[in-house]
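A short worksheet on the structure shown next.
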Amino acid sequence: MIDRFGRPSRPSTFAIIAMTASIVANMAAAPMVFAVPTTNAVSSELPARFSLTLAQRDEIEEVLTGMAQDIVSNQERMDGQGIISSPVVRFSEDGKSLIVDLGKGYVPKINGGELEDRLREIETPLTFHMEAIFPVYKVEFLFGGRDIYYYFPEDWRPAPSQWRQEPRSGQLRPHTNSVLVSAGHGIYFHRGYKDWRAAREPANGMTEDFITPVMSADLATYLNDRSEVESVLVRSQALVTHAESGSPWWKVSARYHLKELYPALTDVWNSKGTQDYPLVERDDDIYSRPFFANHLGVDAILHVHTNAESNTSIRGARVYYQTGRVPDSELARSSLFYMAESIHSVPGYEDYPVASAPHEGNYAENREAKMISVIAEVGFHTNPLDAAALQDPAFQKAAMRGFEKGYRLFLAQKPLQKFEIVDHPNVEAKPGESVPVEAHFSGYPRFPVSRESSVLSCPEGWTCSGGTQTLAETESPFVTMASCGASNVEAGTTRSQVVFTDADGLSTTTEYELHCTGRDMRH
């Protein structure tokens with residue numbers, strides 16, 4: 001499809017839906033023609049992406065290219081950009097990621113937060129669209145066939161060879177695991193408009209800059225109390241007024257908080273200070289977070305953000321890590337898993353979307369860190385349902401409990417396991433006898449755990465009852481006692497439902513039978 005300028009044009013919404021539906025419907029029957037390495041490590045059960053025909057792959061690439069072109073055409077131009085050619089989207093050779101070439105004319109004068117925002121505007125709809133076919137968690141951007149570092153070589157960073165590379169400052173206790181908790185954005189001074197403003201626009205009754213400090217404070221508390229780590233908040237929590245902006249300190253971005261506390265650390269909070277452009281202080285703020293973490297020598301940075309997208313149907317939690325950093329990807333995966341477990345335990349949020357795997361990306365907040373660093377985008381404030389959740393204290397706390405649990409279990413190198421009863425054998429007892437009842441569980445509940453049983457069926461004439469017990473910390477299984485009434489003459493079976501709920505509200509339900517043998521009447 002070619003427009004009047006000779007460029008590929010965006011298919012209509014109907015065409016995109018129809019093409020996607022056609023691709024999904026035919027994938028199962030398609031012959032495997034996608035290039036796959038022929039090694040013993042390749043599973044015989046290949047992911048869906050490998051069952052695409054070349055025609056189907058071309059069809060998807062055409063749709064995604066049209067989507068990317070439509071997005072780019074509607075973006076505001078950045079300073080320094082030249083003539084922007086039509087973007088081209090294709091699959092990587094292994095089919096696991098997308099490559100988007102925006103042309104060298106797309107390269108702006110400044111490699112900063114504005115460029116990151118523009119690329120996210122392209123990445124999010126593409127990955128969202130792919131979810132209907134198969135998930136893609138990485139989008140690589142090229143500019144005339146070259147990555148961004150070709151144009152900004154000074155910004156290239158190798159992956160850290162170890163988690164902490166800098167010696168600790170005297171401000172942190174030695175031999176204590178420490179985490180910088182970074183609440184996204186905050187108000188900053190815009191040098192173009194000469195005013196103070198939030199980095200993100202309000203949507204659905206909220207502004208990201210003013211929600212993230214609330215969640216970050218919860219996260220810091222959970223880290224201190226449960227992970228037994230020393231957490232450092234990079235933004236102020238103070239209610240007093242910041243003189244320059246006239247706003248309370250808790251609304252102000254990290255750059256100015258660090259400037260107030262450490263005026264001599266200009267390399268941290270004023271790293272772009274030799275440059276002068278409208279968004280320079282917003283970029284200073286972005287870079288100040290990893291630079292301050294590097295200065296302190298913490299073990300990790302946990303960034304708390306909310307997401308945005310012009311397509312208001314896109315929603316859910318995502319976690320981003322820097323491409324190529326394996327420990328970071330493992331933390332991101334653990335964080336997502338336990339955020340999902342925790343959020344889904346809250347009534348009303350059982351179906352809240354959480355990505356099944358972390359997304360890769362190239363963001364300064366992660367890239368500049370000399371330690372593990374991940375960004376949790378807890379939800380899309382541009383989606384009404386997500387925005388309502390993001391303003392709900394019950395949801396906020398659940399998401400941060402999951403984020404903390406993901407970090408704690410990542411440190412302990414525990415396998416990802418949801419809290420659930422995996423085996424609850426039936427038991428048998430004689431009249432008047434008490435027998436142990438075992439409930440084998442997986443996962444890592446927070447104790448104490450309550451056990452609530454209720455009777456589902458009881459033989460006629462018997463008196464059956466449930467009850468609630470409190471279980472102290474233990475390895476699997478939970479062990480409780482069950483008994484049959486001393487007066488029972490006939491054999492019979494009771495069936496009970498049991499609900500286990502941990503101290504954070506995670507619950508798991510099962511059923512089991514107690515078989516009571518009849519009384520021996522020969523004596």
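Starting from 1 in every chain, residues are counted up; chains themselves are A, B, ... following the order of the structure tokens, and ligands are numbered from 1 as listed.
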(request) Please identify all polymer residues within 9 Å of Ser253 (chain A), counting only C-alpha atoms, omitting same-chain residues fewer than 2 positions from it, and present them as a PyMOL selection string. (result) chain A and resi 183-188+198-199+209+234-236+249-251+255-257+282+285
(message) Give me, as a VMD selection string, the residues of region 138-313 of chain A that a backbone DSSP run labels helix (DSSP H, G or I).
(response) chain A and resid 148 to 151 153 to 155 208 to 227 249 to 251 254 to 261 266 to 269 280 to 296
(message) To test your reading of the structure, identify every residue in region 39-229 of chain A that backbone DSSP assigns to strand (DSSP E or B), and report it as a ChimeraX atom specification.
(response) /A:88-91,98-101,139-143,146,178-183,187-190,195-197,203,206
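In this comparison, which uses only C-alpha atoms, the residue of A:Thr306, A:Thr212, A:Glu368, A:Pro425 approaching Val268 (chain A) most closely is A:Glu368.
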(message) Nearest residue to Ala486 (chain A) out of A:Ser453, A:Gln275, A:Ser434, A:Thr509, using only C-alpha atoms?
(response) A:Ser434
(request) Excluding region 378-390 of chain A and residues on its chain fewer than 4 positions from it, collect all residues at most 9 Å away from it, counting only C-alpha atoms, and give them as number ranges by chain. (result) A: 202-208, 211, 304-319, 339, 349, 352-354, 394-396, 399
(message) For Arg146 (chain A), find every residue with an atom within 10 Å (counting only C-alpha atoms), except residues of its own chain fewer than 3 positions away, and show them as a PyMOL selection string.
(response) chain A and resi 101-104+141-143+149-151
With N, CA and C atoms retained, write the just-selected residues as a short mmCIF file (atom, residue, chain, number, x, y, z; two decimals), in the first residue's frame.
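For reference, part_10.cif as written:
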```
data_model
loop_
_atom_site.label_atom_id
_atom_site.label_comp_id
_atom_site.auth_asym_id
_atom_site.auth_seq_id
_atom_site.Cartn_x
_atom_site.Cartn_y
_atom_site.Cartn_z
N ASP A 101 13.65 0.69 11.90
CA ASP A 101 14.61 1.66 11.37
C ASP A 101 13.85 2.94 11.04
N LEU A 102 14.18 4.02 11.76
CA LEU A 102 13.51 5.29 11.61
C LEU A 102 14.23 6.24 10.65
N GLY A 103 15.38 5.83 10.14
CA GLY A 103 16.15 6.69 9.24
C GLY A 103 17.01 7.67 10.02
N LYS A 104 18.12 8.09 9.43
CA LYS A 104 19.04 8.98 10.15
C LYS A 104 18.46 10.37 10.35
N PHE A 141 15.76 -0.08 17.99
CA PHE A 141 15.63 1.06 17.08
C PHE A 141 16.96 1.33 16.38
N LEU A 142 16.86 1.51 15.07
CA LEU A 142 18.00 1.89 14.25
C LEU A 142 17.68 3.21 13.56
N PHE A 143 18.73 3.88 13.14
CA PHE A 143 18.60 5.18 12.50
C PHE A 143 19.51 5.19 11.27
N TYR A 149 24.05 5.01 19.30
CA TYR A 149 25.41 5.30 19.79
C TYR A 149 26.36 5.68 18.66
N TYR A 150 25.99 5.37 17.44
CA TYR A 150 26.80 5.83 16.32
C TYR A 150 26.79 7.36 16.25
N TYR A 151 25.65 7.93 16.62
CA TYR A 151 25.50 9.38 16.57
C TYR A 151 25.87 10.05 17.90
#
```
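The closest residue to Ala429 (chain A), picked from A:Pro358, A:Pro459, A:Gly348, A:Gly518 and counting only C-alpha atoms, is A:Gly518.
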(request) Write out as a ChimeraX atom specification the residues lying within 7 Å of Leu219 (chain A), counting only C-alpha atoms and excluding same-chain residues fewer than 2 positions away. (result) /A:215-217,221-223,400-401,404
Give me, as a Markdown table, each residue of region 110-217 of chain A that comes within 10 Å of region 77-83 of chain A, together with its shortest interatomic pair and the distance in Å at one decimal, counting only C-alpha atoms, with rows ordered by chain and rising residue number.
```
| residue | atom | partner | partner_atom | distance |
| --- | --- | --- | --- | --- |
| A:Ile110 | CA | A:Asp79 | CA | 7.7 |
| A:Glu114 | CA | A:Met78 | CA | 7.9 |
| A:Leu115 | CA | A:Met78 | CA | 8.0 |
| A:Arg118 | CA | A:Met78 | CA | 9.3 |
```
For region 395-462 of chain A against region 496-505 of chain A, with a cut-off of 8 Å and counting only C-alpha atoms, what is the closest atom pair and its distance in Å to one decimal for every residue that makes the cut, ordered by chain and number, as JSON lines?
```
{"residue": "A:Pro445", "atom": "CA", "partner": "A:Asp502", "partner_atom": "CA", "distance": 5.6}
{"residue": "A:Arg446", "atom": "CA", "partner": "A:Ala503", "partner_atom": "CA", "distance": 5.4}
{"residue": "A:Phe447", "atom": "CA", "partner": "A:Ala503", "partner_atom": "CA", "distance": 5.6}
{"residue": "A:Pro448", "atom": "CA", "partner": "A:Ala503", "partner_atom": "CA", "distance": 5.8}
{"residue": "A:Val449", "atom": "CA", "partner": "A:Asp502", "partner_atom": "CA", "distance": 4.3}
{"residue": "A:Ser450", "atom": "CA", "partner": "A:Thr501", "partner_atom": "CA", "distance": 5.3}
{"residue": "A:Arg451", "atom": "CA", "partner": "A:Phe500", "partner_atom": "CA", "distance": 4.7}
{"residue": "A:Glu452", "atom": "CA", "partner": "A:Val499", "partner_atom": "CA", "distance": 5.2}
{"residue": "A:Ser453", "atom": "CA", "partner": "A:Val498", "partner_atom": "CA", "distance": 4.3}
{"residue": "A:Ser454", "atom": "CA", "partner": "A:Gln497", "partner_atom": "CA", "distance": 5.3}
{"residue": "A:Val455", "atom": "CA", "partner": "A:Ser496", "partner_atom": "CA", "distance": 4.4}
{"residue": "A:Leu456", "atom": "CA", "partner": "A:Ser496", "partner_atom": "CA", "distance": 5.1}
{"residue": "A:Ser457", "atom": "CA", "partner": "A:Ser496", "partner_atom": "CA", "distance": 7.0}
```
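Residue nearest Asn426 (chain A) within the list A:Tyr363, A:Tyr137, A:Phe410, A:Tyr512: A:Tyr512 [criterion: smallest interatomic distance, only C-alpha atoms].
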(message) Measuring between only C-alpha atoms, which one of A:Gln413, A:Thr508, A:Thr470, A:Thr274 shows the shortest distance to Leu331 (chain A)?
(response) A:Gln413
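Ranking A:Lys194, A:Met481, A:Met67, A:Tyr407 by their shortest atom-to-atom distance to Ser245 (chain A), with only C-alpha atoms included, puts A:Lys194 first.
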